[in-house]
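Chemist: So I've got this file, my_file-v9.cif, and it contains mmCIF, N, CA and C atoms:
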data_entry
loop_
_atom_site.group_PDB
_atom_site.id
_atom_site.type_symbol
_atom_site.label_atom_id
_atom_site.label_comp_id
_atom_site.auth_asym_id
_atom_site.auth_seq_id
_atom_site.Cartn_x
_atom_site.Cartn_y
_atom_site.Cartn_z
ATOM 1 N N PRO E 180 84.271 -98.959 123.064
ATOM 2 C CA PRO E 180 83.444 -98.116 123.931
ATOM 3 C C PRO E 180 82.644 -97.084 123.124
ATOM 4 N N GLU E 181 81.547 -96.645 123.675
ATOM 5 C CA GLU E 181 80.663 -95.712 122.974
ATOM 6 C C GLU E 181 81.386 -94.462 122.459
ATOM 7 N N PRO E 182 82.249 -93.800 123.246
ATOM 8 C CA PRO E 182 82.951 -92.627 122.697
ATOM 9 C C PRO E 182 83.806 -92.966 121.477
ATOM 10 N N THR E 183 84.421 -94.123 121.480
ATOM 11 C CA THR E 183 85.229 -94.546 120.330
ATOM 12 C C THR E 183 84.338 -94.799 119.125
ATOM 13 N N MET E 184 83.198 -95.442 119.347
ATOM 14 C CA MET E 184 82.255 -95.720 118.259
ATOM 15 C C MET E 184 81.802 -94.413 117.616
ATOM 16 N N ARG E 185 81.460 -93.441 118.433
ATOM 17 C CA ARG E 185 81.019 -92.150 117.896
ATOM 18 C C ARG E 185 82.163 -91.446 117.153
ATOM 19 N N ALA E 186 83.383 -91.549 117.659
ATOM 20 C CA ALA E 186 84.528 -90.928 116.984
ATOM 21 C C ALA E 186 84.743 -91.553 115.603
ATOM 22 N N VAL E 187 84.589 -92.863 115.507
ATOM 23 C CA VAL E 187 84.752 -93.553 114.219
ATOM 24 C C VAL E 187 83.658 -93.100 113.249
ATOM 25 N N ILE E 188 82.431 -93.024 113.720
ATOM 26 C CA ILE E 188 81.330 -92.619 112.838
ATOM 27 C C ILE E 188 81.483 -91.156 112.418
ATOM 28 N N ARG E 189 81.935 -90.307 113.328
ATOM 29 C CA ARG E 189 82.185 -88.909 112.950
ATOM 30 C C ARG E 189 83.283 -88.820 111.882
ATOM 31 N N GLU E 190 84.273 -89.711 111.965
ATOM 32 C CA GLU E 190 85.331 -89.726 110.950
ATOM 33 C C GLU E 190 84.766 -90.166 109.596
ATOM 34 N N PHE E 191 83.875 -91.157 109.589
ATOM 35 C CA PHE E 191 83.202 -91.518 108.331
ATOM 36 C C PHE E 191 82.482 -90.297 107.771
ATOM 37 N N HIS E 192 81.784 -89.575 108.623
ATOM 38 C CA HIS E 192 81.050 -88.386 108.199
ATOM 39 C C HIS E 192 82.012 -87.347 107.618
ATOM 40 N N ARG E 193 83.149 -87.177 108.255
ATOM 41 C CA ARG E 193 84.120 -86.179 107.805
ATOM 42 C C ARG E 193 84.674 -86.491 106.416
ATOM 43 N N VAL E 194 84.974 -87.765 106.150
ATOM 44 C CA VAL E 194 85.653 -88.110 104.902
ATOM 45 C C VAL E 194 84.697 -88.350 103.729
ATOM 46 N N LEU E 195 83.428 -88.594 103.999
ATOM 47 C CA LEU E 195 82.474 -88.799 102.912
ATOM 48 C C LEU E 195 82.045 -87.463 102.321
ATOM 49 N N LYS E 196 81.875 -87.442 101.026
ATOM 50 C CA LYS E 196 81.370 -86.251 100.354
ATOM 51 C C LYS E 196 79.879 -86.103 100.642
ATOM 52 N N PRO E 197 79.376 -84.871 100.628
ATOM 53 C CA PRO E 197 77.927 -84.688 100.780
ATOM 54 C C PRO E 197 77.162 -85.524 99.757
ATOM 55 N N GLY E 198 76.110 -86.136 100.210
ATOM 56 C CA GLY E 198 75.286 -86.979 99.347
ATOM 57 C C GLY E 198 75.703 -88.436 99.318
ATOM 58 N N CYS E 199 76.884 -88.754 99.850
ATOM 59 C CA CYS E 199 77.353 -90.143 99.858
ATOM 60 C C CYS E 199 76.646 -90.948 100.945
ATOM 61 N N MET E 200 76.557 -92.249 100.691
ATOM 62 C CA MET E 200 75.897 -93.164 101.628
ATOM 63 C C MET E 200 76.938 -93.966 102.408
ATOM 64 N N LEU E 201 76.583 -94.274 103.640
ATOM 65 C CA LEU E 201 77.358 -95.185 104.472
ATOM 66 C C LEU E 201 76.451 -96.357 104.797
ATOM 67 N N TYR E 202 76.966 -97.561 104.604
ATOM 68 C CA TYR E 202 76.250 -98.777 104.961
ATOM 69 C C TYR E 202 77.013 -99.416 106.102
ATOM 70 N N ALA E 203 76.357 -99.606 107.235
ATOM 71 C CA ALA E 203 77.039 -100.137 108.416
ATOM 72 C C ALA E 203 76.177 -101.199 109.079
ATOM 73 N N MET E 204 76.802 -102.284 109.489
ATOM 74 C CA MET E 204 76.117 -103.370 110.169
ATOM 75 C C MET E 204 76.353 -103.248 111.667
ATOM 76 N N LEU E 205 75.267 -103.354 112.440
ATOM 77 C CA LEU E 205 75.351 -103.374 113.903
ATOM 78 C C LEU E 205 74.644 -104.614 114.410
ATOM 79 N N TYR E 206 75.139 -105.139 115.533
ATOM 80 C CA TYR E 206 74.452 -106.248 116.185
ATOM 81 C C TYR E 206 73.126 -105.762 116.748
ATOM 82 N N THR E 207 72.146 -106.655 116.797
ATOM 83 C CA THR E 207 70.811 -106.300 117.277
ATOM 84 C C THR E 207 70.583 -106.766 118.707
ATOM 85 N N GLU E 208 69.542 -106.206 119.280
ATOM 86 C CA GLU E 208 69.124 -106.605 120.617
ATOM 87 C C GLU E 208 68.634 -108.063 120.634
ATOM 88 N N GLN E 209 68.146 -108.567 119.485
ATOM 89 C CA GLN E 209 67.724 -109.965 119.410
ATOM 90 C C GLN E 209 68.921 -110.898 119.570
ATOM 91 N N LEU E 210 70.027 -110.573 118.912
ATOM 92 C CA LEU E 210 71.235 -111.380 119.047
ATOM 93 C C LEU E 210 71.737 -111.328 120.484
ATOM 94 N N PHE E 211 71.722 -110.144 121.065
ATOM 95 C CA PHE E 211 72.146 -109.989 122.450
ATOM 96 C C PHE E 211 71.318 -110.889 123.368
ATOM 97 N N SER E 212 70.007 -110.906 123.166
ATOM 98 C CA SER E 212 69.124 -111.751 123.989
ATOM 99 C C SER E 212 69.445 -113.230 123.811
ATOM 100 N N ARG E 213 69.717 -113.641 122.583
ATOM 101 C CA ARG E 213 70.048 -115.053 122.344
ATOM 102 C C ARG E 213 71.371 -115.447 123.003
ATOM 103 N N CYS E 214 72.274 -114.482 123.140
ATOM 104 C CA CYS E 214 73.578 -114.745 123.756
ATOM 105 C C CYS E 214 73.547 -114.619 125.277
ATOM 106 N N MET E 215 72.427 -114.212 125.827
ATOM 107 C CA MET E 215 72.360 -113.905 127.250
ATOM 108 C C MET E 215 72.824 -115.054 128.156
ATOM 109 N N PRO E 216 72.475 -116.305 127.920
ATOM 110 C CA PRO E 216 72.980 -117.360 128.817
ATOM 111 C C PRO E 216 74.512 -117.408 128.874
ATOM 112 N N GLN E 217 75.157 -117.276 127.712
ATOM 113 C CA GLN E 217 76.617 -117.280 127.690
ATOM 114 C C GLN E 217 77.174 -116.012 128.340
ATOM 115 N N ILE E 218 76.525 -114.885 128.089
ATOM 116 C CA ILE E 218 76.971 -113.623 128.684
ATOM 117 C C ILE E 218 76.903 -113.705 130.200
ATOM 118 N N GLU E 219 75.812 -114.213 130.726
ATOM 119 C CA GLU E 219 75.661 -114.333 132.184
ATOM 120 C C GLU E 219 76.734 -115.239 132.775
ATOM 121 N N GLY E 220 77.041 -116.331 132.079
ATOM 122 C CA GLY E 220 78.095 -117.224 132.558
ATOM 123 C C GLY E 220 79.446 -116.527 132.615
ATOM 124 N N LEU E 221 79.762 -115.751 131.604
ATOM 125 C CA LEU E 221 81.029 -115.024 131.583
ATOM 126 C C LEU E 221 81.029 -113.878 132.589
ATOM 127 N N ARG E 222 79.878 -113.237 132.770
ATOM 128 C CA ARG E 222 79.779 -112.167 133.775
ATOM 129 C C ARG E 222 80.048 -112.711 135.169
ATOM 130 N N SER E 223 79.631 -113.955 135.418
ATOM 131 C CA SER E 223 79.883 -114.551 136.737
ATOM 132 C C SER E 223 81.375 -114.784 136.977
ATOM 133 N N GLN E 224 82.157 -114.743 135.898
ATOM 134 C CA GLN E 224 83.610 -114.878 135.999
ATOM 135 C C GLN E 224 84.309 -113.517 136.002
ATOM 136 N N GLY E 225 83.513 -112.445 136.080
ATOM 137 C CA GLY E 225 84.083 -111.111 136.170
ATOM 138 C C GLY E 225 84.214 -110.357 134.863
ATOM 139 N N TRP E 226 83.696 -110.903 133.789
ATOM 140 C CA TRP E 226 83.789 -110.224 132.491
ATOM 141 C C TRP E 226 82.772 -109.093 132.421
ATOM 142 N N SER E 227 83.092 -108.046 131.653
ATOM 143 C CA SER E 227 82.113 -106.992 131.394
ATOM 144 C C SER E 227 81.089 -107.517 130.385
ATOM 145 N N VAL E 228 79.940 -106.876 130.348
ATOM 146 C CA VAL E 228 78.905 -107.261 129.384
ATOM 147 C C VAL E 228 79.443 -107.150 127.958
ATOM 148 N N GLU E 229 80.128 -106.036 127.651
ATOM 149 C CA GLU E 229 80.634 -105.810 126.292
ATOM 150 C C GLU E 229 81.674 -106.853 125.887
ATOM 151 N N ARG E 230 82.544 -107.212 126.822
ATOM 152 C CA ARG E 230 83.564 -108.219 126.515
ATOM 153 C C ARG E 230 82.913 -109.592 126.325
ATOM 154 N N ALA E 231 81.957 -109.923 127.199
ATOM 155 C CA ALA E 231 81.269 -111.216 127.098
ATOM 156 C C ALA E 231 80.482 -111.312 125.790
ATOM 157 N N PHE E 232 79.782 -110.239 125.419
ATOM 158 C CA PHE E 232 79.022 -110.242 124.168
ATOM 159 C C PHE E 232 79.962 -110.383 122.977
ATOM 160 N N SER E 233 81.090 -109.710 123.034
ATOM 161 C CA SER E 233 82.069 -109.828 121.958
ATOM 162 C C SER E 233 82.594 -111.255 121.844
ATOM 163 N N TYR E 234 82.837 -111.898 122.964
ATOM 164 C CA TYR E 234 83.303 -113.288 122.949
ATOM 165 C C TYR E 234 82.270 -114.171 122.238
ATOM 166 N N CYS E 235 80.999 -113.877 122.440
ATOM 167 C CA CYS E 235 79.924 -114.659 121.813
ATOM 168 C C CYS E 235 79.761 -114.343 120.326
ATOM 169 N N THR E 236 80.265 -113.192 119.880
ATOM 170 C CA THR E 236 80.058 -112.784 118.490
ATOM 171 C C THR E 236 81.352 -112.792 117.687
ATOM 172 N N ASP E 237 82.327 -111.979 118.097
ATOM 173 C CA ASP E 237 83.563 -111.828 117.342
ATOM 174 C C ASP E 237 84.721 -112.629 117.907
ATOM 175 N N GLY E 238 84.589 -113.094 119.131
ATOM 176 C CA GLY E 238 85.652 -113.867 119.741
ATOM 177 C C GLY E 238 86.632 -113.066 120.568
ATOM 178 N N GLY E 239 86.469 -111.776 120.650
ATOM 179 C CA GLY E 239 87.363 -110.971 121.467
ATOM 180 C C GLY E 239 87.073 -109.498 121.346
ATOM 181 N N GLY E 240 87.680 -108.708 122.189
ATOM 182 C CA GLY E 240 87.452 -107.266 122.164
ATOM 183 C C GLY E 240 86.199 -106.905 122.924
ATOM 184 N N ILE E 241 85.469 -105.935 122.393
ATOM 185 C CA ILE E 241 84.194 -105.551 122.984
ATOM 186 C C ILE E 241 83.171 -105.426 121.872
ATOM 187 N N ALA E 242 81.913 -105.628 122.212
ATOM 188 C CA ALA E 242 80.832 -105.499 121.231
ATOM 189 C C ALA E 242 79.596 -104.973 121.941
ATOM 190 N N ARG E 243 78.768 -104.284 121.190
ATOM 191 C CA ARG E 243 77.506 -103.759 121.695
ATOM 192 C C ARG E 243 76.393 -104.114 120.727
ATOM 193 N N ALA E 244 75.201 -104.180 121.266
ATOM 194 C CA ALA E 244 74.007 -104.376 120.453
ATOM 195 C C ALA E 244 73.225 -103.074 120.435
ATOM 196 N N TYR E 245 72.574 -102.799 119.319
ATOM 197 C CA TYR E 245 71.798 -101.581 119.170
ATOM 198 C C TYR E 245 70.396 -101.904 118.687
ATOM 199 N N SER E 246 69.420 -101.269 119.289
ATOM 200 C CA SER E 246 68.056 -101.329 118.778
ATOM 201 C C SER E 246 67.983 -100.464 117.524
ATOM 202 N N LEU E 247 66.879 -100.539 116.834
ATOM 203 C CA LEU E 247 66.695 -99.688 115.662
ATOM 204 C C LEU E 247 66.818 -98.220 116.067
ATOM 205 N N GLY E 248 66.136 -97.834 117.135
ATOM 206 C CA GLY E 248 66.191 -96.447 117.594
ATOM 207 C C GLY E 248 67.567 -96.045 118.085
ATOM 208 N N GLY E 249 68.225 -96.942 118.797
ATOM 209 C CA GLY E 249 69.564 -96.652 119.307
ATOM 210 C C GLY E 249 70.583 -96.491 118.193
ATOM 211 N N GLY E 250 70.501 -97.335 117.176
ATOM 212 C CA GLY E 250 71.406 -97.217 116.036
ATOM 213 C C GLY E 250 71.139 -95.960 115.239
ATOM 214 N N ARG E 251 69.871 -95.671 115.064
ATOM 215 C CA ARG E 251 69.514 -94.447 114.331
ATOM 216 C C ARG E 251 70.039 -93.215 115.066
ATOM 217 N N GLU E 252 69.862 -93.170 116.382
ATOM 218 C CA GLU E 252 70.344 -92.046 117.189
ATOM 219 C C GLU E 252 71.860 -91.930 117.097
ATOM 220 N N LEU E 253 72.545 -93.067 117.109
ATOM 221 C CA LEU E 253 74.003 -93.075 117.005
ATOM 222 C C LEU E 253 74.459 -92.367 115.729
ATOM 223 N N PHE E 254 73.883 -92.745 114.596
ATOM 224 C CA PHE E 254 74.301 -92.148 113.322
ATOM 225 C C PHE E 254 73.844 -90.692 113.197
ATOM 226 N N GLU E 255 72.620 -90.409 113.615
ATOM 227 C CA GLU E 255 72.125 -89.034 113.514
ATOM 228 C C GLU E 255 72.908 -88.092 114.426
ATOM 229 N N SER E 256 73.330 -88.565 115.582
ATOM 230 C CA SER E 256 74.100 -87.706 116.492
ATOM 231 C C SER E 256 75.476 -87.369 115.926
ATOM 232 N N CYS E 257 75.899 -88.122 114.914
ATOM 233 C CA CYS E 257 77.194 -87.878 114.270
ATOM 234 C C CYS E 257 77.034 -87.151 112.940
ATOM 235 N N GLY E 258 75.828 -86.654 112.661
ATOM 236 C CA GLY E 258 75.603 -85.820 111.483
ATOM 237 C C GLY E 258 75.000 -86.502 110.279
ATOM 238 N N PHE E 259 74.709 -87.802 110.361
ATOM 239 C CA PHE E 259 74.136 -88.509 109.217
ATOM 240 C C PHE E 259 72.618 -88.393 109.205
ATOM 241 N N GLU E 260 72.039 -88.539 108.019
ATOM 242 C CA GLU E 260 70.596 -88.641 107.856
ATOM 243 C C GLU E 260 70.244 -90.116 107.726
ATOM 244 N N PHE E 261 69.281 -90.568 108.482
ATOM 245 C CA PHE E 261 68.830 -91.954 108.420
ATOM 246 C C PHE E 261 68.061 -92.170 107.122
ATOM 247 N N VAL E 262 68.379 -93.257 106.409
ATOM 248 C CA VAL E 262 67.665 -93.618 105.195
ATOM 249 C C VAL E 262 66.804 -94.851 105.444
ATOM 250 N N GLN E 263 67.422 -95.931 105.898
ATOM 251 C CA GLN E 263 66.678 -97.150 106.209
ATOM 252 C C GLN E 263 67.564 -98.107 106.985
ATOM 253 N N ALA E 264 66.934 -99.104 107.557
ATOM 254 C CA ALA E 264 67.654 -100.179 108.227
ATOM 255 C C ALA E 264 66.983 -101.490 107.862
ATOM 256 N N ILE E 265 67.782 -102.493 107.613
ATOM 257 C CA ILE E 265 67.276 -103.806 107.214
ATOM 258 C C ILE E 265 67.888 -104.857 108.125
ATOM 259 N N GLU E 266 67.042 -105.712 108.680
ATOM 260 C CA GLU E 266 67.523 -106.817 109.514
ATOM 261 C C GLU E 266 67.740 -108.041 108.642
ATOM 262 N N TYR E 267 68.741 -108.819 109.008
ATOM 263 C CA TYR E 267 68.989 -110.056 108.289
ATOM 264 C C TYR E 267 69.620 -111.078 109.221
ATOM 265 N N ASN E 268 69.773 -112.305 108.716
ATOM 266 C CA ASN E 268 70.302 -113.429 109.482
ATOM 267 C C ASN E 268 69.494 -113.644 110.764
ATOM 268 N N ASP E 269 68.182 -113.852 110.590
ATOM 269 C CA ASP E 269 67.269 -114.054 111.722
ATOM 270 C C ASP E 269 67.313 -112.896 112.713
ATOM 271 N N ALA E 270 67.465 -111.691 112.210
ATOM 272 C CA ALA E 270 67.484 -110.450 112.996
ATOM 273 C C ALA E 270 68.686 -110.358 113.932
ATOM 274 N N ASP E 271 69.772 -111.070 113.613
ATOM 275 C CA ASP E 271 71.003 -110.935 114.402
ATOM 276 C C ASP E 271 71.733 -109.639 114.060
ATOM 277 N N PHE E 272 71.569 -109.175 112.836
ATOM 278 C CA PHE E 272 72.271 -107.996 112.354
ATOM 279 C C PHE E 272 71.272 -107.012 111.769
ATOM 280 N N ARG E 273 71.641 -105.738 111.848
ATOM 281 C CA ARG E 273 70.825 -104.693 111.235
ATOM 282 C C ARG E 273 71.761 -103.812 110.425
ATOM 283 N N ALA E 274 71.511 -103.743 109.136
ATOM 284 C CA ALA E 274 72.299 -102.888 108.254
ATOM 285 C C ALA E 274 71.638 -101.520 108.206
ATOM 286 N N PHE E 275 72.399 -100.513 108.559
ATOM 287 C CA PHE E 275 71.922 -99.134 108.513
ATOM 288 C C PHE E 275 72.435 -98.480 107.243
ATOM 289 N N TRP E 276 71.541 -97.808 106.560
ATOM 290 C CA TRP E 276 71.894 -97.004 105.410
ATOM 291 C C TRP E 276 71.677 -95.566 105.839
ATOM 292 N N VAL E 277 72.758 -94.825 105.861
ATOM 293 C CA VAL E 277 72.686 -93.427 106.278
ATOM 294 C C VAL E 277 73.401 -92.571 105.238
ATOM 295 N N LYS E 278 73.001 -91.318 105.172
ATOM 296 C CA LYS E 278 73.506 -90.417 104.140
ATOM 297 C C LYS E 278 74.165 -89.204 104.778
ATOM 298 N N ARG E 279 75.276 -88.797 104.189
ATOM 299 C CA ARG E 279 75.900 -87.549 104.630
ATOM 300 C C ARG E 279 75.205 -86.412 103.899
ATOM 301 N N PRO E 280 74.591 -85.502 104.650
ATOM 302 C CA PRO E 280 73.873 -84.389 103.980
ATOM 303 C C PRO E 280 74.830 -83.469 103.238
#
Write the structure described by the file as structure tokens, please.
Modeler:
Amino acid sequence: PEPTMRAVIREFHRVLKPGCMLYAMLYTEQLFSRCMPQIEGLRSQGWSVERAFSYCTDGGGIARAYSLGGGRELFESCGFEFVQAIEYNDADFRAFWVKRP
């Protein structure tokens, strides 16, 4: 869940020394769109969007997709400075490079 995600990122911020970089991979909105047919099928069985998306990606738990702006806001709201983001694997993943000031 979003509060847990923010708590984890704040903990990364807490333990990193000033000037250190964090590299984190997040799922993209493109991957979410490609998974939509499977997500809709699972939603019709009562699954939450996050659980259905996770089933399509990790096989269990919950998962979320983030746009470039959404991912940047996530890290900046936890005290990091945005450095760059790079998409890879046909834009399924976005690696965020953020710095602890």
Chemist: Would you give me, as a ChimeraX atom specification, the residues in stretch 237-274 of chain E that DSSP reads as strand (DSSP E)?
Modeler: /E:260-267,272-274
Chemist: What is the atom N of E:Met184 to atom CA of E:Gly220 distance in Å?
Modeler: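 Taking atom N of E:Met184 and atom CA of E:Gly220, their separation equals 26.0 Å.
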Chemist: Residues of stretch 184-216 of chain E within 10 Å of stretch 242-253 of chain E: nearest atom pair and distance (Å, one decimal) for each, counting only C-alpha atoms, sorted by chain and number, as a Markdown table?
Modeler:
| residue | atom | partner | partner_atom | distance |
| --- | --- | --- | --- | --- |
| E:Met184 | CA | E:Leu253 | CA | 8.8 |
| E:Arg185 | CA | E:Leu253 | CA | 7.1 |
| E:Ile188 | CA | E:Leu253 | CA | 8.4 |
| E:Ala203 | CA | E:Gly250 | CA | 9.9 |
| E:Met204 | CA | E:Gly250 | CA | 9.7 |
| E:Leu205 | CA | E:Tyr245 | CA | 6.6 |
| E:Tyr206 | CA | E:Ala244 | CA | 4.7 |
| E:Thr207 | CA | E:Ala244 | CA | 4.9 |
| E:Glu208 | CA | E:Ala244 | CA | 5.4 |
| E:Gln209 | CA | E:Ala244 | CA | 8.5 |
| E:Leu210 | CA | E:Ala244 | CA | 7.7 |
| E:Phe211 | CA | E:Ala244 | CA | 6.2 |
| E:Ser212 | CA | E:Ala244 | CA | 9.5 |
Chemist: Please compute the atom C of E:Trp276-atom CA of E:Phe261 distance, one decimal, in Å.
Modeler: 5.3 Å
Chemist: Near E:Phe259, within 6 Å and counting only N, CA and C atoms, which residues show up once chain neighbours fewer than 2 positions away are dropped, as a CSV table (one decimal) with N, CA and C atoms, in the frame of the given file?
Modeler:
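Here's the written file selection.csv:
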chain,number,residue,atom,x,y,z
E,254,PHE,N,73.9,-92.7,114.6
E,254,PHE,CA,74.3,-92.1,113.3
E,254,PHE,C,73.8,-90.7,113.2
E,255,GLU,N,72.6,-90.4,113.6
E,255,GLU,CA,72.1,-89.0,113.5
E,255,GLU,C,72.9,-88.1,114.4
E,256,SER,N,73.3,-88.6,115.6
E,256,SER,CA,74.1,-87.7,116.5
E,256,SER,C,75.5,-87.4,115.9
E,257,CYS,N,75.9,-88.1,114.9
E,257,CYS,CA,77.2,-87.9,114.3
E,257,CYS,C,77.0,-87.2,112.9
E,261,PHE,N,69.3,-90.6,108.5
E,261,PHE,CA,68.8,-92.0,108.4
E,261,PHE,C,68.1,-92.2,107.1
E,277,VAL,N,72.8,-94.8,105.9
E,277,VAL,CA,72.7,-93.4,106.3
E,277,VAL,C,73.4,-92.6,105.2
E,278,LYS,N,73.0,-91.3,105.2
E,278,LYS,CA,73.5,-90.4,104.1
E,278,LYS,C,74.2,-89.2,104.8
E,279,ARG,N,75.3,-88.8,104.2
E,279,ARG,CA,75.9,-87.5,104.6
E,279,ARG,C,75.2,-86.4,103.9
E,280,PRO,N,74.6,-85.5,104.6
E,280,PRO,CA,73.9,-84.4,104.0
E,280,PRO,C,74.8,-83.5,103.2
Chemist: Go ahead and compute the interatomic distance for atom CA of E:Ala231 and atom N of E:Arg189, in Å to one decimal.
Modeler: 25.0 Å
Chemist: I need the residues in chain E that are alpha helix (DSSP H) according to DSSP; give them as a PyMOL selection string.
Modeler: chain E and resi 181-194+208-222+228-236+247-255
Chemist: Calculated over only C-alpha atoms, which of the candidates E:Ile241, E:Glu260, E:Phe275, E:Glu266 has the smallest distance to E:Gly198?
Modeler: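 The shortest atom-to-atom distance to E:Gly198 comes from E:Glu260.
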Chemist: What would stretch 267-275 of chain E look like with all heavy atoms restored, written as a PDB file, keeping the file's coordinate frame?
Modeler:
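Dumped to out30.pdb:
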ATOM      1  N   TYR E 267      68.741-108.819 109.008  1.00  0.00           N
ATOM      2  CA  TYR E 267      68.989-110.056 108.289  1.00  0.00           C
ATOM      3  C   TYR E 267      69.620-111.078 109.221  1.00  0.00           C
ATOM      4  O   TYR E 267      69.948-110.763 110.370  1.00  0.00           O
ATOM      5  CB  TYR E 267      69.835-109.815 107.027  1.00  0.00           C
ATOM      6  CG  TYR E 267      71.185-109.174 107.263  1.00  0.00           C
ATOM      7  CD1 TYR E 267      72.333-109.944 107.339  1.00  0.00           C
ATOM      8  CD2 TYR E 267      71.313-107.806 107.418  1.00  0.00           C
ATOM      9  CE1 TYR E 267      73.572-109.366 107.551  1.00  0.00           C
ATOM     10  CE2 TYR E 267      72.545-107.217 107.632  1.00  0.00           C
ATOM     11  CZ  TYR E 267      73.668-107.999 107.701  1.00  0.00           C
ATOM     12  OH  TYR E 267      74.886-107.426 107.913  1.00  0.00           O
ATOM     13  N   ASN E 268      69.773-112.305 108.716  1.00  0.00           N
ATOM     14  CA  ASN E 268      70.302-113.429 109.482  1.00  0.00           C
ATOM     15  C   ASN E 268      69.494-113.644 110.764  1.00  0.00           C
ATOM     16  O   ASN E 268      70.037-113.614 111.864  1.00  0.00           O
ATOM     17  CB  ASN E 268      71.790-113.236 109.783  1.00  0.00           C
ATOM     18  CG  ASN E 268      72.454-114.520 110.220  1.00  0.00           C
ATOM     19  OD1 ASN E 268      72.147-115.577 109.676  1.00  0.00           O
ATOM     20  ND2 ASN E 268      73.339-114.442 111.186  1.00  0.00           N
ATOM     21  N   ASP E 269      68.182-113.852 110.590  1.00  0.00           N
ATOM     22  CA  ASP E 269      67.269-114.054 111.722  1.00  0.00           C
ATOM     23  C   ASP E 269      67.313-112.896 112.713  1.00  0.00           C
ATOM     24  O   ASP E 269      67.237-113.089 113.925  1.00  0.00           O
ATOM     25  CB  ASP E 269      67.555-115.373 112.441  1.00  0.00           C
ATOM     26  CG  ASP E 269      67.273-116.590 111.574  1.00  0.00           C
ATOM     27  OD1 ASP E 269      66.330-116.517 110.758  1.00  0.00           O
ATOM     28  OD2 ASP E 269      67.980-117.601 111.703  1.00  0.00           O
ATOM     29  N   ALA E 270      67.465-111.691 112.210  1.00  0.00           N
ATOM     30  CA  ALA E 270      67.484-110.450 112.996  1.00  0.00           C
ATOM     31  C   ALA E 270      68.686-110.358 113.932  1.00  0.00           C
ATOM     32  O   ALA E 270      68.652-109.630 114.919  1.00  0.00           O
ATOM     33  CB  ALA E 270      66.182-110.270 113.767  1.00  0.00           C
ATOM     34  N   ASP E 271      69.772-111.070 113.613  1.00  0.00           N
ATOM     35  CA  ASP E 271      71.003-110.935 114.402  1.00  0.00           C
ATOM     36  C   ASP E 271      71.733-109.639 114.060  1.00  0.00           C
ATOM     37  O   ASP E 271      72.446-109.083 114.889  1.00  0.00           O
ATOM     38  CB  ASP E 271      71.961-112.102 114.137  1.00  0.00           C
ATOM     39  CG  ASP E 271      71.507-113.393 114.782  1.00  0.00           C
ATOM     40  OD1 ASP E 271      70.612-113.358 115.651  1.00  0.00           O
ATOM     41  OD2 ASP E 271      72.055-114.446 114.417  1.00  0.00           O
ATOM     42  N   PHE E 272      71.569-109.175 112.836  1.00  0.00           N
ATOM     43  CA  PHE E 272      72.271-107.996 112.354  1.00  0.00           C
ATOM     44  C   PHE E 272      71.272-107.012 111.769  1.00  0.00           C
ATOM     45  O   PHE E 272      70.239-107.397 111.249  1.00  0.00           O
ATOM     46  CB  PHE E 272      73.290-108.366 111.272  1.00  0.00           C
ATOM     47  CG  PHE E 272      74.197-109.487 111.667  1.00  0.00           C
ATOM     48  CD1 PHE E 272      74.013-110.763 111.146  1.00  0.00           C
ATOM     49  CD2 PHE E 272      75.224-109.286 112.566  1.00  0.00           C
ATOM     50  CE1 PHE E 272      74.835-111.806 111.517  1.00  0.00           C
ATOM     51  CE2 PHE E 272      76.055-110.324 112.938  1.00  0.00           C
ATOM     52  CZ  PHE E 272      75.872-111.598 112.419  1.00  0.00           C
ATOM     53  N   ARG E 273      71.641-105.738 111.848  1.00  0.00           N
ATOM     54  CA  ARG E 273      70.825-104.693 111.235  1.00  0.00           C
ATOM     55  C   ARG E 273      71.761-103.812 110.425  1.00  0.00           C
ATOM     56  O   ARG E 273      72.709-103.235 110.969  1.00  0.00           O
ATOM     57  CB  ARG E 273      70.103-103.880 112.311  1.00  0.00           C
ATOM     58  CG  ARG E 273      69.076-102.922 111.788  1.00  0.00           C
ATOM     59  CD  ARG E 273      68.296-102.252 112.926  1.00  0.00           C
ATOM     60  NE  ARG E 273      67.357-103.173 113.551  1.00  0.00           N
ATOM     61  CZ  ARG E 273      67.420-103.541 114.848  1.00  0.00           C
ATOM     62  NH1 ARG E 273      68.356-103.078 115.642  1.00  0.00           N
ATOM     63  NH2 ARG E 273      66.529-104.386 115.338  1.00  0.00           N
ATOM     64  N   ALA E 274      71.511-103.743 109.136  1.00  0.00           N
ATOM     65  CA  ALA E 274      72.299-102.888 108.254  1.00  0.00           C
ATOM     66  C   ALA E 274      71.638-101.520 108.206  1.00  0.00           C
ATOM     67  O   ALA E 274      70.455-101.405 107.876  1.00  0.00           O
ATOM     68  CB  ALA E 274      72.388-103.484 106.859  1.00  0.00           C
ATOM     69  N   PHE E 275      72.399-100.513 108.559  1.00  0.00           N
ATOM     70  CA  PHE E 275      71.922 -99.134 108.513  1.00  0.00           C
ATOM     71  C   PHE E 275      72.435 -98.480 107.243  1.00  0.00           C
ATOM     72  O   PHE E 275      73.610 -98.577 106.925  1.00  0.00           O
ATOM     73  CB  PHE E 275      72.420 -98.351 109.740  1.00  0.00           C
ATOM     74  CG  PHE E 275      71.692 -98.683 110.999  1.00  0.00           C
ATOM     75  CD1 PHE E 275      72.041 -99.788 111.752  1.00  0.00           C
ATOM     76  CD2 PHE E 275      70.632 -97.898 111.429  1.00  0.00           C
ATOM     77  CE1 PHE E 275      71.363-100.107 112.903  1.00  0.00           C
ATOM     78  CE2 PHE E 275      69.947 -98.215 112.585  1.00  0.00           C
ATOM     79  CZ  PHE E 275      70.302 -99.314 113.328  1.00  0.00           C
TER      80      PHE E 275
END
